[in-house]
$ cat query.txt   # compact mmCIF, N, CA and C atoms
# COMPACT_ATOMS: atom_id res chain seq x y z
N MET A 18 181.92 334.43 20.98
CA MET A 18 182.56 333.21 20.51
C MET A 18 183.59 332.71 21.53
N ILE A 19 184.41 333.60 22.06
CA ILE A 19 185.42 333.20 23.03
C ILE A 19 184.74 332.68 24.30
N ASN A 20 183.72 333.38 24.76
CA ASN A 20 183.00 332.92 25.97
C ASN A 20 182.34 331.56 25.74
N GLU A 21 181.83 331.33 24.54
CA GLU A 21 181.23 330.03 24.22
C GLU A 21 182.29 328.94 24.26
N THR A 22 183.48 329.25 23.77
CA THR A 22 184.57 328.28 23.79
C THR A 22 184.95 327.95 25.22
N ILE A 23 185.05 328.95 26.07
CA ILE A 23 185.39 328.73 27.47
C ILE A 23 184.29 327.91 28.16
N GLN A 24 183.04 328.21 27.84
CA GLN A 24 181.93 327.43 28.41
C GLN A 24 181.99 325.98 27.97
N ASP A 25 182.39 325.75 26.72
CA ASP A 25 182.52 324.38 26.22
C ASP A 25 183.63 323.65 26.98
N ILE A 26 184.76 324.32 27.21
CA ILE A 26 185.85 323.71 27.98
C ILE A 26 185.37 323.38 29.39
N GLU A 27 184.66 324.32 30.00
CA GLU A 27 184.14 324.11 31.35
C GLU A 27 183.21 322.90 31.40
N MET A 28 182.33 322.79 30.42
CA MET A 28 181.41 321.66 30.37
C MET A 28 182.18 320.35 30.22
N ARG A 29 183.19 320.34 29.37
CA ARG A 29 183.99 319.13 29.17
C ARG A 29 184.67 318.71 30.48
N ILE A 30 185.17 319.68 31.22
CA ILE A 30 185.82 319.37 32.49
C ILE A 30 184.79 318.83 33.48
N GLN A 31 183.67 319.52 33.61
CA GLN A 31 182.65 319.12 34.59
C GLN A 31 182.08 317.74 34.32
N THR A 32 181.97 317.37 33.06
CA THR A 32 181.33 316.10 32.72
C THR A 32 182.33 314.99 32.39
N SER A 33 183.60 315.27 32.51
CA SER A 33 184.62 314.28 32.16
C SER A 33 184.59 313.08 33.10
N PRO A 34 184.49 311.89 32.53
CA PRO A 34 184.55 310.69 33.36
C PRO A 34 185.99 310.31 33.74
N THR A 35 186.97 310.98 33.15
CA THR A 35 188.37 310.64 33.41
C THR A 35 188.98 311.47 34.54
N LEU A 36 188.24 312.44 35.07
CA LEU A 36 188.76 313.31 36.13
C LEU A 36 188.09 313.02 37.46
N ASP A 37 188.86 313.09 38.53
CA ASP A 37 188.25 313.00 39.85
C ASP A 37 187.83 314.40 40.30
N THR A 38 187.20 314.48 41.44
CA THR A 38 186.66 315.76 41.93
C THR A 38 187.75 316.81 42.11
N ARG A 39 188.89 316.42 42.65
CA ARG A 39 189.99 317.36 42.86
C ARG A 39 190.52 317.90 41.53
N GLN A 40 190.70 317.02 40.56
CA GLN A 40 191.18 317.44 39.25
C GLN A 40 190.21 318.42 38.59
N LYS A 41 188.93 318.10 38.69
CA LYS A 41 187.93 319.00 38.12
C LYS A 41 188.00 320.37 38.79
N SER A 42 188.11 320.39 40.11
CA SER A 42 188.19 321.64 40.84
C SER A 42 189.43 322.43 40.44
N ASP A 43 190.57 321.76 40.36
CA ASP A 43 191.81 322.43 39.97
C ASP A 43 191.71 323.03 38.57
N LEU A 44 191.20 322.24 37.63
CA LEU A 44 191.08 322.73 36.26
C LEU A 44 190.08 323.86 36.13
N LEU A 45 188.98 323.78 36.87
CA LEU A 45 187.98 324.86 36.81
C LEU A 45 188.53 326.16 37.39
N LYS A 46 189.37 326.07 38.42
CA LYS A 46 190.02 327.27 38.96
C LYS A 46 190.95 327.89 37.93
N LEU A 47 191.73 327.05 37.27
CA LEU A 47 192.62 327.55 36.22
C LEU A 47 191.81 328.16 35.07
N LEU A 48 190.69 327.54 34.75
CA LEU A 48 189.84 328.04 33.69
C LEU A 48 189.24 329.40 34.04
N THR A 49 188.89 329.61 35.30
CA THR A 49 188.38 330.91 35.75
C THR A 49 189.45 331.98 35.57
N SER A 50 190.68 331.65 35.93
CA SER A 50 191.79 332.60 35.73
C SER A 50 192.01 332.86 34.25
N LEU A 51 191.94 331.80 33.47
CA LEU A 51 192.12 331.94 32.03
C LEU A 51 191.07 332.87 31.44
N LYS A 52 189.83 332.71 31.85
CA LYS A 52 188.75 333.54 31.32
C LYS A 52 189.01 335.01 31.59
N THR A 53 189.44 335.32 32.79
CA THR A 53 189.74 336.72 33.15
C THR A 53 190.85 337.27 32.25
N GLU A 54 191.89 336.49 32.08
CA GLU A 54 193.03 336.95 31.28
C GLU A 54 192.69 337.04 29.79
N VAL A 55 191.93 336.08 29.29
CA VAL A 55 191.55 336.10 27.87
C VAL A 55 190.60 337.26 27.59
N ASP A 56 189.73 337.57 28.54
CA ASP A 56 188.84 338.73 28.38
C ASP A 56 189.66 340.00 28.18
N GLN A 57 190.73 340.15 28.95
CA GLN A 57 191.60 341.32 28.82
C GLN A 57 192.32 341.31 27.47
N LEU A 58 192.84 340.16 27.09
CA LEU A 58 193.56 340.04 25.82
C LEU A 58 192.65 340.33 24.64
N SER A 59 191.42 339.88 24.72
CA SER A 59 190.50 340.03 23.58
C SER A 59 190.14 341.49 23.29
N LYS A 60 190.35 342.37 24.26
CA LYS A 60 190.06 343.79 24.04
C LYS A 60 191.00 344.40 23.02
N THR A 61 192.22 343.89 22.95
CA THR A 61 193.21 344.45 22.02
C THR A 61 193.66 343.45 20.95
N HIS A 62 193.48 342.17 21.21
CA HIS A 62 193.94 341.11 20.30
C HIS A 62 192.88 340.02 20.21
N HIS A 63 191.72 340.38 19.69
CA HIS A 63 190.58 339.46 19.69
C HIS A 63 190.87 338.16 18.94
N GLU A 64 191.45 338.25 17.75
CA GLU A 64 191.70 337.04 16.97
C GLU A 64 192.71 336.13 17.68
N ASP A 65 193.72 336.72 18.29
CA ASP A 65 194.71 335.93 19.02
C ASP A 65 194.06 335.24 20.23
N ALA A 66 193.19 335.94 20.91
CA ALA A 66 192.49 335.36 22.06
C ALA A 66 191.60 334.21 21.61
N ALA A 67 190.94 334.38 20.47
CA ALA A 67 190.09 333.31 19.95
C ALA A 67 190.92 332.09 19.56
N SER A 68 192.05 332.31 18.92
CA SER A 68 192.92 331.19 18.55
C SER A 68 193.41 330.45 19.78
N LEU A 69 193.83 331.20 20.78
CA LEU A 69 194.32 330.59 22.01
C LEU A 69 193.25 329.72 22.65
N THR A 70 192.05 330.25 22.79
CA THR A 70 190.99 329.47 23.43
C THR A 70 190.60 328.26 22.58
N ASP A 71 190.67 328.38 21.26
CA ASP A 71 190.40 327.22 20.40
C ASP A 71 191.42 326.12 20.62
N PHE A 72 192.70 326.49 20.72
CA PHE A 72 193.73 325.49 20.97
C PHE A 72 193.57 324.85 22.35
N ILE A 73 193.17 325.65 23.33
CA ILE A 73 192.95 325.10 24.67
C ILE A 73 191.76 324.14 24.66
N ARG A 74 190.72 324.50 23.92
CA ARG A 74 189.57 323.59 23.80
C ARG A 74 190.01 322.28 23.16
N SER A 75 190.82 322.34 22.13
CA SER A 75 191.33 321.14 21.47
C SER A 75 192.16 320.30 22.44
N THR A 76 192.99 320.97 23.23
CA THR A 76 193.81 320.27 24.21
C THR A 76 192.93 319.59 25.26
N ALA A 77 191.93 320.30 25.73
CA ALA A 77 191.01 319.72 26.72
C ALA A 77 190.29 318.52 26.13
N ARG A 78 189.80 318.67 24.91
CA ARG A 78 189.07 317.57 24.27
C ARG A 78 189.96 316.34 24.15
N GLU A 79 191.18 316.52 23.68
CA GLU A 79 192.08 315.38 23.50
C GLU A 79 192.56 314.81 24.83
N SER A 80 192.81 315.66 25.80
CA SER A 80 193.33 315.21 27.10
C SER A 80 192.29 314.49 27.94
N LEU A 81 191.03 314.81 27.74
CA LEU A 81 189.97 314.24 28.56
C LEU A 81 189.32 312.99 27.96
N LYS A 82 189.78 312.58 26.81
CA LYS A 82 189.27 311.35 26.21
C LYS A 82 189.70 310.16 27.05
N ARG A 83 188.87 309.13 27.03
CA ARG A 83 189.25 307.89 27.72
C ARG A 83 190.48 307.26 27.05
N GLN A 84 190.50 307.28 25.74
CA GLN A 84 191.64 306.76 24.99
C GLN A 84 192.29 307.91 24.23
N GLN A 85 193.28 308.50 24.88
CA GLN A 85 193.93 309.66 24.28
C GLN A 85 194.88 309.24 23.16
N ASN A 86 195.04 310.14 22.22
CA ASN A 86 196.05 310.00 21.18
C ASN A 86 197.16 310.97 21.55
N PRO A 87 198.28 310.47 22.06
CA PRO A 87 199.36 311.35 22.51
C PRO A 87 199.85 312.32 21.44
N LYS A 88 199.82 311.91 20.17
CA LYS A 88 200.24 312.82 19.09
C LYS A 88 199.32 314.04 19.01
N LEU A 89 198.01 313.79 19.11
CA LEU A 89 197.06 314.90 19.02
C LEU A 89 197.16 315.82 20.24
N VAL A 90 197.39 315.24 21.41
CA VAL A 90 197.57 316.05 22.61
C VAL A 90 198.80 316.93 22.44
N LYS A 91 199.89 316.34 21.97
CA LYS A 91 201.13 317.09 21.77
C LYS A 91 200.94 318.23 20.77
N ILE A 92 200.29 317.95 19.66
CA ILE A 92 200.05 318.97 18.64
C ILE A 92 199.20 320.11 19.21
N SER A 93 198.16 319.77 19.95
CA SER A 93 197.29 320.81 20.50
C SER A 93 198.03 321.64 21.54
N LEU A 94 198.87 320.99 22.36
CA LEU A 94 199.67 321.74 23.35
C LEU A 94 200.66 322.66 22.67
N GLU A 95 201.25 322.20 21.56
CA GLU A 95 202.17 323.06 20.81
C GLU A 95 201.44 324.28 20.26
N GLY A 96 200.20 324.08 19.82
CA GLY A 96 199.40 325.21 19.34
C GLY A 96 199.11 326.21 20.44
N VAL A 97 198.82 325.71 21.64
CA VAL A 97 198.58 326.60 22.78
C VAL A 97 199.83 327.42 23.06
N HIS A 98 200.97 326.75 23.14
CA HIS A 98 202.23 327.46 23.44
C HIS A 98 202.56 328.49 22.36
N ALA A 99 202.37 328.13 21.11
CA ALA A 99 202.63 329.06 20.01
C ALA A 99 201.69 330.27 20.07
N SER A 100 200.47 330.04 20.49
CA SER A 100 199.48 331.12 20.56
C SER A 100 199.77 332.12 21.68
N VAL A 101 200.40 331.66 22.74
CA VAL A 101 200.59 332.53 23.91
C VAL A 101 202.00 333.12 23.99
N GLU A 102 202.97 332.54 23.29
CA GLU A 102 204.35 332.95 23.48
C GLU A 102 204.61 334.42 23.17
N LYS A 103 203.91 335.00 22.21
CA LYS A 103 204.17 336.40 21.89
C LYS A 103 203.62 337.36 22.95
N PHE A 104 202.84 336.83 23.89
CA PHE A 104 202.28 337.68 24.95
C PHE A 104 203.01 337.51 26.28
N GLU A 105 204.13 336.83 26.24
CA GLU A 105 204.87 336.56 27.46
C GLU A 105 205.24 337.83 28.22
N ALA A 106 205.68 338.85 27.51
CA ALA A 106 206.09 340.10 28.16
C ALA A 106 204.90 341.00 28.49
N SER A 107 203.95 341.08 27.57
CA SER A 107 202.84 342.02 27.76
C SER A 107 201.72 341.47 28.65
N HIS A 108 201.58 340.16 28.73
CA HIS A 108 200.52 339.53 29.52
C HIS A 108 201.10 338.35 30.31
N PRO A 109 201.96 338.64 31.29
CA PRO A 109 202.63 337.55 32.02
C PRO A 109 201.68 336.66 32.81
N VAL A 110 200.60 337.21 33.34
CA VAL A 110 199.66 336.38 34.10
C VAL A 110 198.94 335.42 33.15
N LEU A 111 198.58 335.88 31.98
CA LEU A 111 197.97 335.01 30.97
C LEU A 111 198.92 333.87 30.63
N THR A 112 200.17 334.21 30.38
CA THR A 112 201.17 333.20 30.03
C THR A 112 201.33 332.18 31.15
N GLU A 113 201.40 332.66 32.37
CA GLU A 113 201.54 331.76 33.52
C GLU A 113 200.32 330.86 33.66
N THR A 114 199.14 331.42 33.52
CA THR A 114 197.90 330.65 33.63
C THR A 114 197.84 329.58 32.55
N VAL A 115 198.16 329.96 31.32
CA VAL A 115 198.13 329.00 30.21
C VAL A 115 199.17 327.90 30.44
N ASN A 116 200.35 328.27 30.89
CA ASN A 116 201.38 327.26 31.16
C ASN A 116 200.93 326.31 32.27
N ASN A 117 200.31 326.85 33.31
CA ASN A 117 199.81 325.99 34.39
C ASN A 117 198.74 325.02 33.88
N LEU A 118 197.87 325.52 33.04
CA LEU A 118 196.82 324.68 32.47
C LEU A 118 197.44 323.59 31.60
N CYS A 119 198.38 323.95 30.76
CA CYS A 119 199.05 322.96 29.90
C CYS A 119 199.81 321.93 30.73
N ASN A 120 200.49 322.40 31.75
CA ASN A 120 201.22 321.48 32.63
C ASN A 120 200.26 320.51 33.30
N TYR A 121 199.09 321.01 33.68
CA TYR A 121 198.11 320.14 34.33
C TYR A 121 197.65 319.05 33.35
N PHE A 122 197.30 319.47 32.13
CA PHE A 122 196.89 318.48 31.15
C PHE A 122 198.03 317.50 30.84
N SER A 123 199.24 318.01 30.73
CA SER A 123 200.40 317.15 30.45
C SER A 123 200.64 316.15 31.58
N GLY A 124 200.38 316.58 32.80
CA GLY A 124 200.62 315.73 33.95
C GLY A 124 199.55 314.69 34.22
N MET A 125 198.56 314.62 33.36
CA MET A 125 197.46 313.69 33.57
C MET A 125 197.80 312.29 33.05
N GLY A 126 199.08 312.04 32.86
CA GLY A 126 199.48 310.71 32.43
C GLY A 126 199.58 310.54 30.93
N ILE A 127 199.68 311.63 30.25
CA ILE A 127 199.75 311.59 28.79
C ILE A 127 201.20 311.55 28.38

$ encode --input "query.txt" --output "structure tokens"
Amino acid sequence: MINETIQDIEMRIQTSPTLDTRQKSDLLKLLTSLKTEVDQLSKTHHEDAASLTDFIRSTARESLKRQQNPKLVKISLEGVHASVEKFEASHPVLTETVNNLCNYFSGMGI
């Protein structure tokens, strides 16, 4: 399920008409890092890893729309942050990767 969610995010990035080539490359690199970190997290906290990836998928979906709803983007980003904050000490690379991904989506003019 988690891998399917990550594949869905990857597909959304690759096929997004709102991203240029550099943005797609940057996001796909972050997504590769995220996948590695979420795979590790899912070994001990599977439900938390699934929730995190679901919120990231929601954020990607809302951020990549041609006509974004800033409220929905904000809510989805808050969900991502809430999902990862308890792992700040135990999984610092995951937290950093998620924050970088959120910052990237936030910086897309939303």

$ closest_residue --input "query.txt" --among "A:Val97, A:Ala66, A:Met18, A:Ile23" --to "A:Lys52" --atoms "only C-alpha atoms"
A:Ile23

$ residues_around --input "query.txt" --residues "A:Leu94" --least-positions-apart "4" --cutoff "9 Å" --atoms "only C-alpha atoms" --output "mmCIF file with N, CA and C atoms, keeping the file's coordinate frame"
data_model
loop_
_atom_site.group_PDB
_atom_site.id
_atom_site.type_symbol
_atom_site.label_atom_id
_atom_site.label_comp_id
_atom_site.auth_asym_id
_atom_site.auth_seq_id
_atom_site.Cartn_x
_atom_site.Cartn_y
_atom_site.Cartn_z
ATOM 1 N N PHE A 72 192.700 326.490 20.720
ATOM 2 C CA PHE A 72 193.730 325.490 20.970
ATOM 3 C C PHE A 72 193.570 324.850 22.350
ATOM 4 N N ILE A 73 193.170 325.650 23.330
ATOM 5 C CA ILE A 73 192.950 325.100 24.670
ATOM 6 C C ILE A 73 191.760 324.140 24.660
ATOM 7 N N SER A 75 190.820 322.340 22.130
ATOM 8 C CA SER A 75 191.330 321.140 21.470
ATOM 9 C C SER A 75 192.160 320.300 22.440
ATOM 10 N N THR A 76 192.990 320.970 23.230
ATOM 11 C CA THR A 76 193.810 320.270 24.210
ATOM 12 C C THR A 76 192.930 319.590 25.260
ATOM 13 N N LEU A 89 198.010 313.790 19.110
ATOM 14 C CA LEU A 89 197.060 314.900 19.020
ATOM 15 C C LEU A 89 197.160 315.820 20.240
ATOM 16 N N VAL A 90 197.390 315.240 21.410
ATOM 17 C CA VAL A 90 197.570 316.050 22.610
ATOM 18 C C VAL A 90 198.800 316.930 22.440
ATOM 19 N N HIS A 98 200.970 326.750 23.140
ATOM 20 C CA HIS A 98 202.230 327.460 23.440
ATOM 21 C C HIS A 98 202.560 328.490 22.360
ATOM 22 N N ALA A 99 202.370 328.130 21.110
ATOM 23 C CA ALA A 99 202.630 329.060 20.010
ATOM 24 C C ALA A 99 201.690 330.270 20.070
ATOM 25 N N CYS A 119 198.380 323.950 30.760
ATOM 26 C CA CYS A 119 199.050 322.960 29.900
ATOM 27 C C CYS A 119 199.810 321.930 30.730
ATOM 28 N N PHE A 122 197.300 319.470 32.130
ATOM 29 C CA PHE A 122 196.890 318.480 31.150
ATOM 30 C C PHE A 122 198.030 317.500 30.840
ATOM 31 N N SER A 123 199.240 318.010 30.730
ATOM 32 C CA SER A 123 200.400 317.150 30.450
ATOM 33 C C SER A 123 200.640 316.150 31.580
#

$ closest_residue --input "query.txt" --among "A:Thr22, A:Ser68, A:Ser50, A:Ser59" --to "A:Gly96" --atoms "all atoms listed in the file"
A:Ser68

$ select_by_dssp --input "query.txt" --residues "chain A" --states "helix (DSSP H, G or I)" --output "VMD selection string"
chain A and resid 19 to 32 38 to 61 63 to 80 87 to 104 109 to 123

$ residues_around --input "query.txt" --residues "A:Leu44" --least-positions-apart "3" --cutoff "8 Å" --atoms "all atoms listed in the file" --output "PyMOL selection string"
chain A and resi 27+30+38-41+47-50+118+121

$ atom_distance --input "query.txt" --atom1 "atom CA of A:Gln31" --atom2 "atom CA of A:Leu51"
16.1 Å

$ closest_residue --input "query.txt" --among "A:Gln84, A:Ser100, A:Gln57, A:Ser42" --to "A:Thr70" --atoms "all atoms listed in the file"
A:Ser100

$ atom_distance --input "query.txt" --atom1 "atom CA of A:Leu36" --atom2 "atom CA of A:Asp71"
21.1 Å

$ atom_distance --input "query.txt" --atom1 "atom CA of A:Asp37" --atom2 "atom CA of A:Asp56"
28.2 Å

$ closest_residue --input "query.txt" --among "A:Asn117, A:Gln85, A:Ser107, A:Glu79" --to "A:Lys46" --atoms "only C-alpha atoms"
A:Asn117

$ closest_residue --input "query.txt" --among "A:Val55, A:Ala106, A:Ala77, A:Leu69" --to "A:Arg29" --atoms "all atoms listed in the file"
A:Ala77
